[in-house]
Amino acid sequence: MLLKHRLAITGLFFFLSTSFVFGESSYGNPVDGRTYLTNGEFKTYSPEGQNFAKNEKVTISNVRLLTGEPDLKERVLVEELDSFIKSAENEAHAILAKNIAPARVLLQFNCQPNHHVVQIASQGSAQEAVLHELYDKTKALTPLKTSGEVIFQVEFNVSP
């Protein structure tokens, strides 16, 4: 089952069916150890009002945009970002469902024109083979159409 989220960005309802959680101007990133700063706000969105099946093995905890809102609006179309995140989500759901123990997986994309870099961090008992497959599949996704750097994270909860 595909998760539906809605992301709000400056009055536009953005992709999947999620609601705004909080904004901030700096973020200490556990994936790459960097502190991100922006003149605007970083936005984190979490699923709201979702009716997850009790046997749903993989759910999205949140999506965090690490590119500040002013830069994001200049670099990427909402529809393009939506499509890319949905593609990544589809790959992640199928792969993470193979994990045999509970885990939290943070998938980070650093998207540039014509390519993207994938980084993964996890807590709990994420299997190395599952994480490698997730990396390979998400690295092979068609790049996000962007005119400059766009960085975001998708956090998944795995409950076998």
# chains A, B, ... in the order shown; residues from 1 in each chain; ligands from 1
$ residues_around --residues "Ser83 (chain A)" --least-positions-apart "3" --cutoff "12 Å" --atoms "only C-alpha atoms" --output "list in words"
Phe14, Phe15, Leu16, Val76, Leu77, Val78, Glu79, Glu80, Lys86, Ser87, Ala88, Glu89, Asn90, Leu141, Thr142, Pro143, Leu144 and Lys145 of chain A
$ write_last_selection --atoms "N, CA, C and O atoms" --output "PDB file, in the first residue's frame"
ATOM      1  N   PHE A  14       1.596  20.006  -1.241  1.00  0.00           N
ATOM      2  CA  PHE A  14       2.734  19.363  -1.814  1.00  0.00           C
ATOM      3  C   PHE A  14       2.556  17.884  -1.637  1.00  0.00           C
ATOM      4  O   PHE A  14       2.253  17.453  -0.599  1.00  0.00           O
ATOM      5  N   PHE A  15       2.739  17.157  -2.423  1.00  0.00           N
ATOM      6  CA  PHE A  15       2.745  15.763  -2.666  1.00  0.00           C
ATOM      7  C   PHE A  15       2.050  14.864  -1.756  1.00  0.00           C
ATOM      8  O   PHE A  15       1.286  14.333  -1.766  1.00  0.00           O
ATOM      9  N   LEU A  16       2.176  14.081  -1.307  1.00  0.00           N
ATOM     10  CA  LEU A  16       1.709  12.869  -0.749  1.00  0.00           C
ATOM     11  C   LEU A  16       0.593  13.084   0.267  1.00  0.00           C
ATOM     12  O   LEU A  16      -0.180  12.892   0.243  1.00  0.00           O
ATOM     13  N   VAL A  76      13.511  23.961  -7.716  1.00  0.00           N
ATOM     14  CA  VAL A  76      12.778  22.756  -8.101  1.00  0.00           C
ATOM     15  C   VAL A  76      11.276  23.032  -8.141  1.00  0.00           C
ATOM     16  O   VAL A  76      10.761  23.839  -7.360  1.00  0.00           O
ATOM     17  N   LEU A  77      10.595  22.374  -9.056  1.00  0.00           N
ATOM     18  CA  LEU A  77       9.141  22.443  -9.106  1.00  0.00           C
ATOM     19  C   LEU A  77       8.559  21.457  -8.093  1.00  0.00           C
ATOM     20  O   LEU A  77       9.074  20.344  -7.921  1.00  0.00           O
ATOM     21  N   VAL A  78       7.492  21.848  -7.450  1.00  0.00           N
ATOM     22  CA  VAL A  78       6.837  21.008  -6.454  1.00  0.00           C
ATOM     23  C   VAL A  78       6.498  19.640  -7.036  1.00  0.00           C
ATOM     24  O   VAL A  78       6.737  18.604  -6.413  1.00  0.00           O
ATOM     25  N   GLU A  79       5.977  19.629  -8.247  1.00  0.00           N
ATOM     26  CA  GLU A  79       5.571  18.369  -8.886  1.00  0.00           C
ATOM     27  C   GLU A  79       6.760  17.446  -9.124  1.00  0.00           C
ATOM     28  O   GLU A  79       6.636  16.224  -9.003  1.00  0.00           O
ATOM     29  N   GLU A  80       7.902  18.018  -9.469  1.00  0.00           N
ATOM     30  CA  GLU A  80       9.109  17.218  -9.696  1.00  0.00           C
ATOM     31  C   GLU A  80       9.603  16.597  -8.387  1.00  0.00           C
ATOM     32  O   GLU A  80       9.977  15.423  -8.343  1.00  0.00           O
ATOM     33  N   LYS A  86       8.109  10.164  -4.239  1.00  0.00           N
ATOM     34  CA  LYS A  86       7.247   8.989  -4.389  1.00  0.00           C
ATOM     35  C   LYS A  86       8.023   7.805  -4.943  1.00  0.00           C
ATOM     36  O   LYS A  86       7.839   6.668  -4.496  1.00  0.00           O
ATOM     37  N   SER A  87       8.890   8.057  -5.919  1.00  0.00           N
ATOM     38  CA  SER A  87       9.705   6.975  -6.477  1.00  0.00           C
ATOM     39  C   SER A  87      10.629   6.376  -5.421  1.00  0.00           C
ATOM     40  O   SER A  87      10.758   5.155  -5.303  1.00  0.00           O
ATOM     41  N   ALA A  88      11.269   7.236  -4.644  1.00  0.00           N
ATOM     42  CA  ALA A  88      12.154   6.767  -3.574  1.00  0.00           C
ATOM     43  C   ALA A  88      11.360   5.996  -2.529  1.00  0.00           C
ATOM     44  O   ALA A  88      11.804   4.944  -2.034  1.00  0.00           O
ATOM     45  N   GLU A  89      10.195   6.502  -2.189  1.00  0.00           N
ATOM     46  CA  GLU A  89       9.336   5.846  -1.204  1.00  0.00           C
ATOM     47  C   GLU A  89       8.917   4.457  -1.675  1.00  0.00           C
ATOM     48  O   GLU A  89       8.959   3.492  -0.897  1.00  0.00           O
ATOM     49  N   ASN A  90       8.542   4.335  -2.933  1.00  0.00           N
ATOM     50  CA  ASN A  90       8.135   3.031  -3.469  1.00  0.00           C
ATOM     51  C   ASN A  90       9.273   2.019  -3.377  1.00  0.00           C
ATOM     52  O   ASN A  90       9.055   0.865  -2.989  1.00  0.00           O
ATOM     53  N   LEU A 141      17.731   5.683  -9.169  1.00  0.00           N
ATOM     54  CA  LEU A 141      16.539   6.438  -9.560  1.00  0.00           C
ATOM     55  C   LEU A 141      16.899   7.519 -10.584  1.00  0.00           C
ATOM     56  O   LEU A 141      18.008   8.062 -10.555  1.00  0.00           O
ATOM     57  N   THR A 142      15.953   7.843 -11.444  1.00  0.00           N
ATOM     58  CA  THR A 142      16.131   8.962 -12.365  1.00  0.00           C
ATOM     59  C   THR A 142      16.333  10.232 -11.536  1.00  0.00           C
ATOM     60  O   THR A 142      15.547  10.494 -10.618  1.00  0.00           O
ATOM     61  N   PRO A 143      17.375  11.016 -11.823  1.00  0.00           N
ATOM     62  CA  PRO A 143      17.656  12.205 -11.004  1.00  0.00           C
ATOM     63  C   PRO A 143      16.496  13.205 -10.982  1.00  0.00           C
ATOM     64  O   PRO A 143      15.741  13.331 -11.940  1.00  0.00           O
ATOM     65  N   LEU A 144      16.395  13.902  -9.866  1.00  0.00           N
ATOM     66  CA  LEU A 144      15.427  14.977  -9.703  1.00  0.00           C
ATOM     67  C   LEU A 144      15.788  16.112 -10.665  1.00  0.00           C
ATOM     68  O   LEU A 144      16.952  16.476 -10.781  1.00  0.00           O
ATOM     69  N   LYS A 145      14.771  16.664 -11.328  1.00  0.00           N
ATOM     70  CA  LYS A 145      15.004  17.816 -12.206  1.00  0.00           C
ATOM     71  C   LYS A 145      15.103  19.055 -11.323  1.00  0.00           C
ATOM     72  O   LYS A 145      14.115  19.513 -10.775  1.00  0.00           O
TER      73      LYS A 145
END
$ residues_around --residues "region 61-63 of chain A" --least-positions-apart "4" --cutoff "6 Å" --atoms "only C-alpha atoms" --output "list in words"
Thr44, Tyr45, Ser46, Gln153, Val154, Glu155 and Phe156 of chain A
$ write_last_selection --atoms "C-alpha atoms" --output "short mmCIF file (atom, residue, chain, number, x, y, z; two decimals), in the first residue's frame"
data_model
loop_
_atom_site.label_atom_id
_atom_site.label_comp_id
_atom_site.auth_asym_id
_atom_site.auth_seq_id
_atom_site.Cartn_x
_atom_site.Cartn_y
_atom_site.Cartn_z
CA THR A 44 9.67 18.69 8.52
CA TYR A 45 6.46 16.96 7.54
CA SER A 46 4.87 13.91 9.15
CA GLN A 153 15.59 13.23 4.13
CA VAL A 154 12.88 10.62 4.42
CA GLU A 155 12.69 8.71 7.71
CA PHE A 156 11.15 5.23 7.74
#
$ residues_around --residues "region 121-131 of chain A" --least-positions-apart "2" --cutoff "10 Å" --atoms "only C-alpha atoms" --output "list of chain:residue names"
A:Pro30, A:Val31, A:Asp32, A:Ala92, A:Ile95, A:Leu96, A:Ala97, A:Lys98, A:Asn99, A:Ile100, A:Ala101, A:Pro102, A:Ala103, A:Arg104, A:Val105, A:Leu106, A:Leu107, A:Gln108, A:Gln119, A:Glu133, A:Leu134, A:Tyr135, A:Asp136, A:Lys137, A:Glu155, A:Phe156, A:Asn157, A:Val158
$ atom_distance --atom1 "CA of Pro70 (chain A)" --atom2 "CA of Gln112 (chain A)"
16.6 Å
$ atom_distance --atom1 "CA of Ser147 (chain A)" --atom2 "CA of Arg75 (chain A)"
4.8 Å
$ closest_residue --among "A:Glu69, A:Phe84, A:Cys111, A:Val118" --to "Val150 (chain A)" --atoms "only C-alpha atoms"
A:Cys111
$ closest_residue --among "A:Asp82, A:Glu149, A:Glu56, A:Glu91" --to "Gly68 (chain A)" --atoms "only C-alpha atoms"
A:Glu149
$ atom_distance --atom1 "CA of Ile151 (chain A)" --atom2 "CA of Val58 (chain A)"
22.5 Å
$ decode --residues "region 107-125 of chain A" --atoms "N, CA and C atoms" --output "PDB file, in the first residue's frame"
ATOM      1  N   LEU A 107      16.943   8.121   5.104  1.00  0.00           N
ATOM      2  CA  LEU A 107      17.434   8.122   3.739  1.00  0.00           C
ATOM      3  C   LEU A 107      17.594   9.579   3.302  1.00  0.00           C
ATOM      4  N   GLN A 108      18.817   9.975   2.976  1.00  0.00           N
ATOM      5  CA  GLN A 108      19.076  11.367   2.599  1.00  0.00           C
ATOM      6  C   GLN A 108      19.467  11.445   1.130  1.00  0.00           C
ATOM      7  N   PHE A 109      18.890  12.427   0.446  1.00  0.00           N
ATOM      8  CA  PHE A 109      19.210  12.697  -0.955  1.00  0.00           C
ATOM      9  C   PHE A 109      19.820  14.086  -1.073  1.00  0.00           C
ATOM     10  N   ASN A 110      20.967  14.161  -1.724  1.00  0.00           N
ATOM     11  CA  ASN A 110      21.577  15.431  -2.094  1.00  0.00           C
ATOM     12  C   ASN A 110      21.472  15.482  -3.614  1.00  0.00           C
ATOM     13  N   CYS A 111      20.462  16.210  -4.091  1.00  0.00           N
ATOM     14  CA  CYS A 111      20.164  16.257  -5.518  1.00  0.00           C
ATOM     15  C   CYS A 111      20.816  17.475  -6.163  1.00  0.00           C
ATOM     16  N   GLN A 112      21.486  17.232  -7.266  1.00  0.00           N
ATOM     17  CA  GLN A 112      22.125  18.252  -8.087  1.00  0.00           C
ATOM     18  C   GLN A 112      21.552  18.099  -9.493  1.00  0.00           C
ATOM     19  N   PRO A 113      21.755  19.085 -10.368  1.00  0.00           N
ATOM     20  CA  PRO A 113      21.308  18.894 -11.742  1.00  0.00           C
ATOM     21  C   PRO A 113      21.932  17.620 -12.333  1.00  0.00           C
ATOM     22  N   ASN A 114      21.107  16.723 -12.804  1.00  0.00           N
ATOM     23  CA  ASN A 114      21.507  15.493 -13.509  1.00  0.00           C
ATOM     24  C   ASN A 114      22.073  14.369 -12.646  1.00  0.00           C
ATOM     25  N   HIS A 115      22.118  14.502 -11.324  1.00  0.00           N
ATOM     26  CA  HIS A 115      22.559  13.378 -10.489  1.00  0.00           C
ATOM     27  C   HIS A 115      22.154  13.620  -9.028  1.00  0.00           C
ATOM     28  N   HIS A 116      22.278  12.566  -8.233  1.00  0.00           N
ATOM     29  CA  HIS A 116      22.022  12.700  -6.795  1.00  0.00           C
ATOM     30  C   HIS A 116      22.935  11.756  -6.022  1.00  0.00           C
ATOM     31  N   VAL A 117      23.200  12.150  -4.784  1.00  0.00           N
ATOM     32  CA  VAL A 117      23.992  11.341  -3.863  1.00  0.00           C
ATOM     33  C   VAL A 117      23.040  10.835  -2.788  1.00  0.00           C
ATOM     34  N   VAL A 118      23.159   9.567  -2.441  1.00  0.00           N
ATOM     35  CA  VAL A 118      22.308   8.948  -1.428  1.00  0.00           C
ATOM     36  C   VAL A 118      23.161   8.620  -0.208  1.00  0.00           C
ATOM     37  N   GLN A 119      22.649   8.952   0.974  1.00  0.00           N
ATOM     38  CA  GLN A 119      23.288   8.563   2.226  1.00  0.00           C
ATOM     39  C   GLN A 119      22.216   7.929   3.105  1.00  0.00           C
ATOM     40  N   ILE A 120      22.630   6.947   3.895  1.00  0.00           N
ATOM     41  CA  ILE A 120      21.689   6.225   4.748  1.00  0.00           C
ATOM     42  C   ILE A 120      22.259   6.119   6.154  1.00  0.00           C
ATOM     43  N   ALA A 121      21.396   6.367   7.140  1.00  0.00           N
ATOM     44  CA  ALA A 121      21.728   6.130   8.542  1.00  0.00           C
ATOM     45  C   ALA A 121      20.604   5.286   9.124  1.00  0.00           C
ATOM     46  N   SER A 122      20.918   4.509  10.143  1.00  0.00           N
ATOM     47  CA  SER A 122      19.877   3.671  10.741  1.00  0.00           C
ATOM     48  C   SER A 122      20.087   3.521  12.236  1.00  0.00           C
ATOM     49  N   GLN A 123      19.004   3.210  12.926  1.00  0.00           N
ATOM     50  CA  GLN A 123      19.012   2.845  14.343  1.00  0.00           C
ATOM     51  C   GLN A 123      18.264   1.540  14.458  1.00  0.00           C
ATOM     52  N   GLY A 124      18.615   0.765  15.456  1.00  0.00           N
ATOM     53  CA  GLY A 124      17.935  -0.512  15.634  1.00  0.00           C
ATOM     54  C   GLY A 124      18.669  -1.594  14.879  1.00  0.00           C
ATOM     55  N   SER A 125      17.921  -2.529  14.355  1.00  0.00           N
ATOM     56  CA  SER A 125      18.511  -3.710  13.729  1.00  0.00           C
ATOM     57  C   SER A 125      18.275  -3.747  12.227  1.00  0.00           C
TER      58      SER A 125
END
